[in-house]
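Data from final27.cif: mmCIF, C-alpha atoms
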```cif
data_entry
loop_
_atom_site.label_atom_id
_atom_site.label_comp_id
_atom_site.auth_asym_id
_atom_site.auth_seq_id
_atom_site.Cartn_x
_atom_site.Cartn_y
_atom_site.Cartn_z
CA MET S 1 -7.65 -23.46 -10.62
CA LYS S 2 -9.21 -21.31 -7.87
CA ILE S 3 -7.30 -18.22 -6.74
CA LEU S 4 -8.24 -16.21 -3.64
CA ILE S 5 -7.09 -12.56 -3.55
CA VAL S 6 -6.83 -11.08 -0.06
CA ASP S 7 -6.37 -7.32 0.28
CA ASP S 8 -8.18 -4.64 2.29
CA SER S 9 -8.02 -2.28 -0.70
CA LYS S 10 -10.69 -2.77 -3.36
CA ALA S 11 -8.48 -0.88 -5.80
CA MET S 12 -5.59 -3.26 -5.22
CA ARG S 13 -7.84 -6.31 -5.60
CA MET S 14 -8.92 -4.89 -8.98
CA ILE S 15 -5.30 -4.32 -9.97
CA VAL S 16 -4.31 -7.85 -8.96
CA ARG S 17 -7.23 -9.28 -10.98
CA ARG S 18 -6.21 -7.23 -14.02
CA THR S 19 -2.56 -8.22 -13.64
CA LEU S 20 -3.50 -11.90 -13.42
CA ARG S 21 -5.31 -11.50 -16.77
CA GLN S 22 -2.38 -9.63 -18.30
CA ALA S 23 0.02 -12.32 -17.08
CA GLY S 24 -1.99 -15.04 -18.79
CA PHE S 25 -3.88 -16.38 -15.77
CA GLY S 26 -7.25 -14.93 -16.80
CA ASP S 27 -8.95 -18.27 -17.20
CA HIS S 28 -8.68 -19.15 -13.51
CA ALA S 29 -11.59 -18.66 -11.11
CA VAL S 30 -10.84 -15.70 -8.83
CA THR S 31 -12.53 -14.83 -5.54
CA GLU S 32 -11.74 -12.04 -3.06
CA ALA S 33 -11.51 -11.43 0.66
CA ASN S 34 -11.14 -8.10 2.46
CA ASN S 35 -8.73 -9.24 5.18
CA GLY S 36 -7.13 -12.32 6.73
CA LYS S 37 -10.14 -13.20 8.83
CA GLU S 38 -12.49 -13.13 5.84
CA ALA S 39 -9.98 -15.23 3.92
CA LEU S 40 -9.76 -17.78 6.72
CA ASP S 41 -13.56 -18.04 6.76
CA ALA S 42 -13.54 -18.48 2.97
CA VAL S 43 -10.92 -21.25 3.20
CA HIS S 44 -13.05 -23.05 5.79
CA GLN S 45 -15.86 -23.09 3.22
CA ALA S 46 -13.73 -24.15 0.25
CA VAL S 47 -9.95 -24.40 0.03
CA PRO S 48 -8.61 -22.53 -3.03
CA ASP S 49 -5.59 -23.71 -5.00
CA LEU S 50 -3.65 -20.50 -4.44
CA ILE S 51 -3.91 -17.51 -2.10
CA LEU S 52 -2.45 -14.12 -3.06
CA SER S 53 -2.42 -12.00 0.07
CA ASP S 54 -1.45 -8.53 1.19
CA TRP S 55 0.61 -8.34 4.39
CA ASN S 56 -0.74 -5.34 6.33
CA MET S 57 -4.50 -5.56 6.82
CA PRO S 58 -6.92 -4.79 9.64
CA GLU S 59 -8.63 -7.64 11.56
CA MET S 60 -6.02 -10.23 10.56
CA SER S 61 -2.77 -9.62 8.69
CA GLY S 62 -1.49 -11.75 5.85
CA ILE S 63 1.22 -13.36 7.95
CA GLU S 64 -1.32 -14.15 10.69
CA LEU S 65 -3.52 -15.72 8.02
CA LEU S 66 -0.65 -17.88 6.76
CA ASP S 67 0.33 -18.91 10.30
CA SER S 68 -3.30 -19.82 11.06
CA LEU S 69 -3.63 -21.89 7.90
CA ARG S 70 -0.44 -23.82 8.55
CA ALA S 71 -1.42 -24.34 12.22
CA GLU S 72 -4.69 -25.87 10.98
CA GLY S 73 -2.78 -28.13 8.62
CA VAL S 74 -4.02 -26.36 5.48
CA SER S 75 -1.21 -26.59 2.93
CA VAL S 76 -2.70 -24.32 0.25
CA LYS S 77 -0.14 -22.57 -1.96
CA PHE S 78 0.36 -19.06 -0.62
CA GLY S 79 2.11 -15.95 -1.92
CA PHE S 80 2.33 -12.39 -0.65
CA VAL S 81 1.57 -9.33 -2.80
CA THR S 82 2.79 -6.54 -0.60
CA THR S 83 4.90 -3.45 -0.10
CA GLU S 84 6.86 -5.39 2.53
CA ARG S 85 10.19 -6.30 0.92
CA THR S 86 12.97 -6.05 3.46
CA PRO S 87 15.15 -9.17 3.83
CA GLU S 88 13.67 -9.71 7.30
CA MET S 89 10.12 -9.73 5.96
CA ARG S 90 11.05 -12.00 3.05
CA ALA S 91 12.68 -14.41 5.49
CA ARG S 92 9.63 -14.29 7.76
CA ALA S 93 7.34 -15.04 4.80
CA ALA S 94 9.45 -17.98 3.62
CA GLU S 95 9.77 -19.36 7.14
CA ALA S 96 5.97 -19.29 7.51
CA GLY S 97 5.55 -21.26 4.29
CA ALA S 98 4.96 -18.64 1.59
CA SER S 99 6.02 -19.74 -1.89
CA PHE S 100 6.82 -16.22 -3.12
CA LEU S 101 6.60 -12.53 -2.35
CA ILE S 102 5.59 -10.08 -5.10
CA VAL S 103 6.46 -6.47 -4.33
CA LYS S 104 3.97 -3.66 -5.03
CA PRO S 105 4.00 -1.94 -7.45
CA PHE S 106 4.34 -4.95 -9.72
CA THR S 107 4.20 -5.88 -13.41
CA PRO S 108 2.55 -8.79 -15.24
CA GLU S 109 6.06 -10.23 -15.64
CA ASP S 110 6.44 -10.32 -11.85
CA PHE S 111 3.25 -12.39 -11.70
CA LYS S 112 4.39 -14.69 -14.50
CA ASP S 113 7.72 -15.31 -12.80
CA ALA S 114 6.15 -16.04 -9.42
CA LEU S 115 3.06 -18.00 -10.45
CA THR S 116 4.20 -20.06 -13.43
CA PRO S 117 6.27 -22.53 -11.35
CA LEU S 118 3.18 -23.11 -9.19
CA VAL S 119 0.29 -23.11 -11.62
CA GLY S 120 1.95 -23.72 -14.99
CA MET B 121 16.59 12.29 12.06
CA LYS B 122 14.55 15.47 12.11
CA LEU B 123 10.96 15.73 10.93
CA ALA B 124 12.07 17.62 7.80
CA GLU B 125 14.42 14.74 6.92
CA TRP B 126 11.59 12.22 7.31
CA LEU B 127 9.53 14.39 4.97
CA GLU B 128 12.32 14.51 2.40
CA SER B 129 12.61 10.71 2.49
CA ALA B 130 8.85 10.44 2.00
CA ALA B 131 9.11 12.79 -0.98
CA VAL B 132 11.76 10.56 -2.59
CA ALA B 133 9.49 7.55 -2.03
CA ALA B 134 6.45 9.40 -3.39
CA GLN B 135 8.26 10.40 -6.57
CA GLN B 136 9.32 6.80 -7.14
CA ILE B 137 5.75 5.56 -6.68
CA ALA B 138 4.27 8.35 -8.83
CA SER B 139 6.62 7.32 -11.61
CA GLU B 140 6.19 3.53 -11.28
CA ALA B 141 2.58 3.06 -10.15
CA LEU B 142 0.86 6.19 -11.50
CA ALA B 143 2.83 6.47 -14.75
CA ALA B 144 3.56 10.13 -13.97
CA ARG B 145 5.66 11.87 -16.60
CA GLU B 146 6.39 15.13 -14.82
CA LEU B 147 7.32 15.44 -11.15
CA HIS B 148 8.41 18.44 -9.12
CA TRP B 149 9.00 18.49 -5.36
CA SER B 150 8.80 21.94 -3.80
CA GLY B 151 10.71 21.01 -0.67
CA LEU B 152 9.51 22.05 2.75
CA THR B 153 7.10 24.98 2.57
CA ARG B 154 5.66 27.24 5.26
CA ASP B 155 2.59 28.02 3.14
CA PRO B 156 -0.51 26.76 4.94
CA LEU B 157 -2.38 23.75 3.63
CA PRO B 158 -5.38 24.74 1.51
CA GLY B 159 -8.73 24.52 3.24
CA ASP B 160 -10.23 21.95 0.91
CA VAL B 161 -7.70 19.13 0.91
CA CYS B 162 -8.53 15.58 1.82
CA GLY B 163 -6.62 12.34 1.63
CA ILE B 164 -4.91 9.74 3.74
CA TYR B 165 -2.67 9.55 6.79
CA ILE B 166 -0.65 6.38 7.31
CA PRO B 167 1.27 5.48 10.50
CA LEU B 168 5.01 4.86 10.32
CA MET B 169 6.34 3.44 13.58
CA MET B 170 9.88 2.94 14.81
CA ASP B 171 11.36 2.32 18.24
CA GLY B 172 10.37 5.36 20.27
CA ILE B 173 9.07 7.30 17.27
CA ALA B 174 5.56 7.47 15.80
CA LEU B 175 5.12 9.35 12.53
CA GLN B 176 2.06 10.04 10.44
CA LEU B 177 2.61 10.50 6.70
CA GLY B 178 -0.17 12.43 4.99
CA VAL B 179 -0.92 12.24 1.27
CA LEU B 180 -3.34 15.12 0.69
CA ALA B 181 -4.93 16.79 -2.32
CA THR B 182 -8.18 18.29 -3.48
CA ARG B 183 -11.02 15.85 -4.05
CA ASP B 184 -10.62 16.13 -7.84
CA VAL B 185 -6.91 15.38 -7.69
CA CYS B 186 -7.53 12.47 -5.32
CA ALA B 187 -9.93 11.05 -7.93
CA ALA B 188 -7.34 11.57 -10.67
CA LEU B 189 -4.66 9.80 -8.61
CA ALA B 190 -7.05 6.93 -7.93
CA SER B 191 -7.82 6.58 -11.62
CA ALA B 192 -4.13 6.69 -12.49
CA LEU B 193 -3.43 3.87 -10.03
CA LEU B 194 -5.97 1.75 -11.88
CA GLY B 195 -4.37 2.48 -15.23
CA GLY B 196 -6.74 5.28 -16.19
CA ASP B 197 -9.43 2.92 -17.42
CA GLU B 198 -11.49 2.75 -14.23
CA PRO B 199 -13.41 5.93 -13.33
CA MET B 200 -13.33 6.59 -9.60
CA GLU B 201 -16.42 8.38 -8.37
CA SER B 202 -17.49 7.42 -4.87
CA ASP B 203 -15.55 8.73 -1.88
CA GLU B 204 -15.13 5.16 -0.70
CA ASP B 205 -13.43 4.06 -3.92
CA VAL B 206 -11.33 7.22 -4.25
CA PHE B 207 -9.97 7.12 -0.70
CA ASP B 208 -9.47 3.37 -0.87
CA ALA B 209 -7.21 3.89 -3.89
CA VAL B 210 -5.41 6.89 -2.39
CA GLY B 211 -4.88 4.78 0.73
CA GLU B 212 -3.17 2.20 -1.43
CA ILE B 213 -0.98 4.91 -2.96
CA ALA B 214 -0.04 6.02 0.57
CA ASN B 215 0.68 2.40 1.41
CA LEU B 216 2.99 2.09 -1.61
CA ILE B 217 4.81 5.28 -0.59
CA ALA B 218 5.15 4.01 2.97
CA GLY B 219 6.56 0.71 1.75
CA THR B 220 9.17 2.48 -0.35
CA PHE B 221 9.94 4.85 2.56
CA LYS B 222 10.56 1.78 4.71
CA VAL B 223 12.99 0.31 2.18
CA LEU B 224 14.83 3.63 1.75
CA LEU B 225 15.52 3.71 5.50
CA ALA B 226 15.99 -0.02 6.04
CA ASP B 227 19.74 0.33 6.61
CA GLN B 228 19.17 2.73 9.50
CA LEU B 229 15.81 1.89 11.03
CA ASN B 230 13.14 -0.77 11.26
CA VAL B 231 9.99 1.05 10.14
CA ARG B 232 6.62 -0.62 10.70
CA VAL B 233 3.77 0.54 8.47
CA GLY B 234 0.24 0.83 9.88
CA VAL B 235 -3.18 0.84 8.26
CA PRO B 236 -4.13 4.00 6.27
CA LEU B 237 -6.79 6.33 7.64
CA ALA B 238 -8.90 8.52 5.34
CA MET B 239 -9.44 12.17 6.24
CA LYS B 240 -11.78 14.56 4.48
CA GLY B 241 -12.01 18.28 5.12
CA ARG B 242 -9.67 20.95 6.32
CA VAL B 243 -6.55 19.44 7.86
CA ILE B 244 -5.19 21.12 11.01
CA THR B 245 -2.73 19.89 13.62
CA LEU B 246 -3.95 19.30 17.16
CA GLY B 247 -2.44 19.89 20.58
CA GLY B 248 0.59 21.77 19.34
CA SER B 249 2.06 18.70 17.63
CA GLN B 250 4.43 19.64 14.84
CA SER B 251 3.52 18.94 11.22
CA LEU B 252 5.59 19.83 8.17
CA HIS B 253 4.57 19.64 4.56
CA GLY B 254 5.67 20.23 0.99
CA VAL B 255 4.06 20.08 -2.43
CA LEU B 256 4.75 17.33 -4.95
CA ALA B 257 3.44 18.29 -8.39
CA ILE B 258 2.47 15.10 -10.23
CA ASP B 259 1.82 15.94 -13.87
CA GLN B 260 1.04 19.49 -12.72
CA ARG B 261 -1.44 18.33 -10.08
CA SER B 262 -0.56 19.42 -6.53
CA VAL B 263 -0.26 16.75 -3.86
CA TRP B 264 0.70 17.82 -0.33
CA LEU B 265 2.94 15.43 1.56
CA ALA B 266 2.67 16.04 5.30
CA MET B 267 4.71 14.56 8.13
CA ALA B 268 3.72 14.74 11.79
CA GLY B 269 5.43 12.95 14.61
CA THR B 270 5.91 12.23 18.28
CA LYS B 271 8.74 10.47 20.08
CA THR B 272 9.69 9.21 23.51
CA ARG B 273 12.81 10.33 25.37
#
```

Rendering of file as structure tokens:
Amino acid sequence: MKILIVDDSKAMRMIVRRTLRQAGFGDHAVTEANNGKEALDAVHQAVPDLILSDWNMPEMSGIELLDSLRAEGVSVKFGFVTTERTPEMRARAAEAGASFLIVKPFTPEDFKDALTPLVG
Amino acid sequence: MKLAEWLESAAVAAQQIASEALAARELHWSGLTRDPLPGDVCGIYIPLMMDGIALQLGVLATRDVCAALASALLGGDEPMESDEDVFDAVGEIANLIAGTFKVLLADQLNVRVGVPLAMKGRVITLGGSQSLHGVLAIDQRSVWLAMAGTKTR
């Protein structure tokens, strides 16, 4: 399985990678993008199986990325990894087609709970 | 709310993040202080926007403490050396604090969090705008939390 991590923070991308390993998803191929626009370009080259995206990013936010993907008919599995966690934001994410929203700071168990139904 | 109350809310959020994301064992918040910021602090300002109010939350410390915070965020097993990596990680810490700040105030206000901006060098306020700060000791390392703001009438 190919997983694309989208976050404008290099530190957070490293933490997400490490947490994926700790949660038992270390054998999946992981690539990274620095913001929504880079991620959209990456998806145009090769569609991953799952996108884990931050919400607030320069250039293109995570929700703009998800809206763009769905508008293009790309149905890739998509989850947010973000500090955004109000009911309004969760509803907005679900409405746009996100499968889950993991709140920062997170634990490997949070990743297991969110990803296992999608990737096994 | 007054600027000092925003700062207190940010301090509550910062202590929560220091405990959860930085594995801090010892925390002490000084409260609002009139002591000037040291001349050698650097760090991150992150915008917090509400209807008619624009705040800037600063997370400031010496370069060495910023590097220690960055390393703590990464679990202590990743040395942080370059300014780019250190301020990237401190920006993420500021982002985590801002996210918790937003949740703490969600019953009263809709806070929108902006993109963090790194600052390096002596921090001074411009144009007479008000800025308040206090010291959060994280495992005996001093971190200055600063809050500046403007609003419309």

_Å distance separating CA of Met12 in chain S from CA of Val119 in chain S, one decimal place_ = 21.7 Å

_Given the PyMOL selection byres ((chain B) within 12 of (chain S)) and the file above, list the residues it selects as a PyMOL selection string._
chain B and resi 136-143+166-167+189-200+204-227+229-237

*For Met267 in chain B, please output as a PyMOL selection string all residues within 7 Å (counting only C-alpha atoms; exclusion window: fewer than 6 positions along the same chain).*
chain B and resi 123+127+175-178+251-253

Please produce a file of the residues just selected, as a PDB file, in the frame of the given file, where the atoms kept are C-alpha atoms.
```
ATOM      1  CA  LEU B 123      10.960  15.730  10.930  1.00  0.00           C
ATOM      2  CA  LEU B 127       9.530  14.390   4.970  1.00  0.00           C
ATOM      3  CA  LEU B 175       5.120   9.350  12.530  1.00  0.00           C
ATOM      4  CA  GLN B 176       2.060  10.040  10.440  1.00  0.00           C
ATOM      5  CA  LEU B 177       2.610  10.500   6.700  1.00  0.00           C
ATOM      6  CA  GLY B 178      -0.170  12.430   4.990  1.00  0.00           C
ATOM      7  CA  SER B 251       3.520  18.940  11.220  1.00  0.00           C
ATOM      8  CA  LEU B 252       5.590  19.830   8.170  1.00  0.00           C
ATOM      9  CA  HIS B 253       4.570  19.640   4.560  1.00  0.00           C
TER      10      HIS B 253
END
```

*Evaluate the PyMOL selection byres ((chain B and resi 261) around 12) here and jot the selected residues down as number ranges by chain.*
B: 138, 144-149, 180-189, 255-260, 262-264

*So what do you get for CA of Phe78 in chain S versus CA of Leu52 in chain S, distance-wise?*
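Straight-line distance from CA of Phe78 in chain S to CA of Leu52 in chain S works out to 6.2 Å.
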
*asked:* Can you measure CA of Glu38 in chain S to CA of Gly62 in chain S for me? One decimal in Å is fine.
replied: 11.1 Å

_Residues selected by the PyMOL selection byres ((chain S and resi 2-5) around 8), written as a ChimeraX atom specification_ = /S:1,6-7,13,16,28-33,39,48-53

*Find the residues near Thr270 in chain B: any atom within 12 Å, counting only C-alpha atoms, skip ones fewer than 5 places away on the same chain, and give them as a list in words.*
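Those residues are Lys122, Leu123, Pro167, Leu168, Met169, Met170, Asp171, Gly172, Ile173, Ala174, Leu175, Gln176, Gly247, Gly248, Ser249, Gln250 and Ser251 of chain B.
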
_Is it possible to get the residues within 12 Å of (9.2, -14.5, -7.7) (coordinates as in the file, counting all atoms listed in the file) written as a ChimeraX atom specification?_
/S:79-81,85,90,94,98-103,106-118

To test the calculation: enclose all listed atoms of range 36-53 of chain S in a box whose edges run along x, y and z, add 5 Å on each side, then state centre and edge lengths in Å to one decimal, as AutoDock Vina command-line options.
```
--center_x -9.1 --center_y -18.2 --center_z 1.9 --size_x 23.4 --size_y 22.4 --size_z 23.8
```

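Of the listed residues B:Met239, B:Cys162, B:Val179, B:Met121, the one whose atoms come nearest to Ala266 in chain B is B:Val179, with distances taken using all atoms listed in the file.
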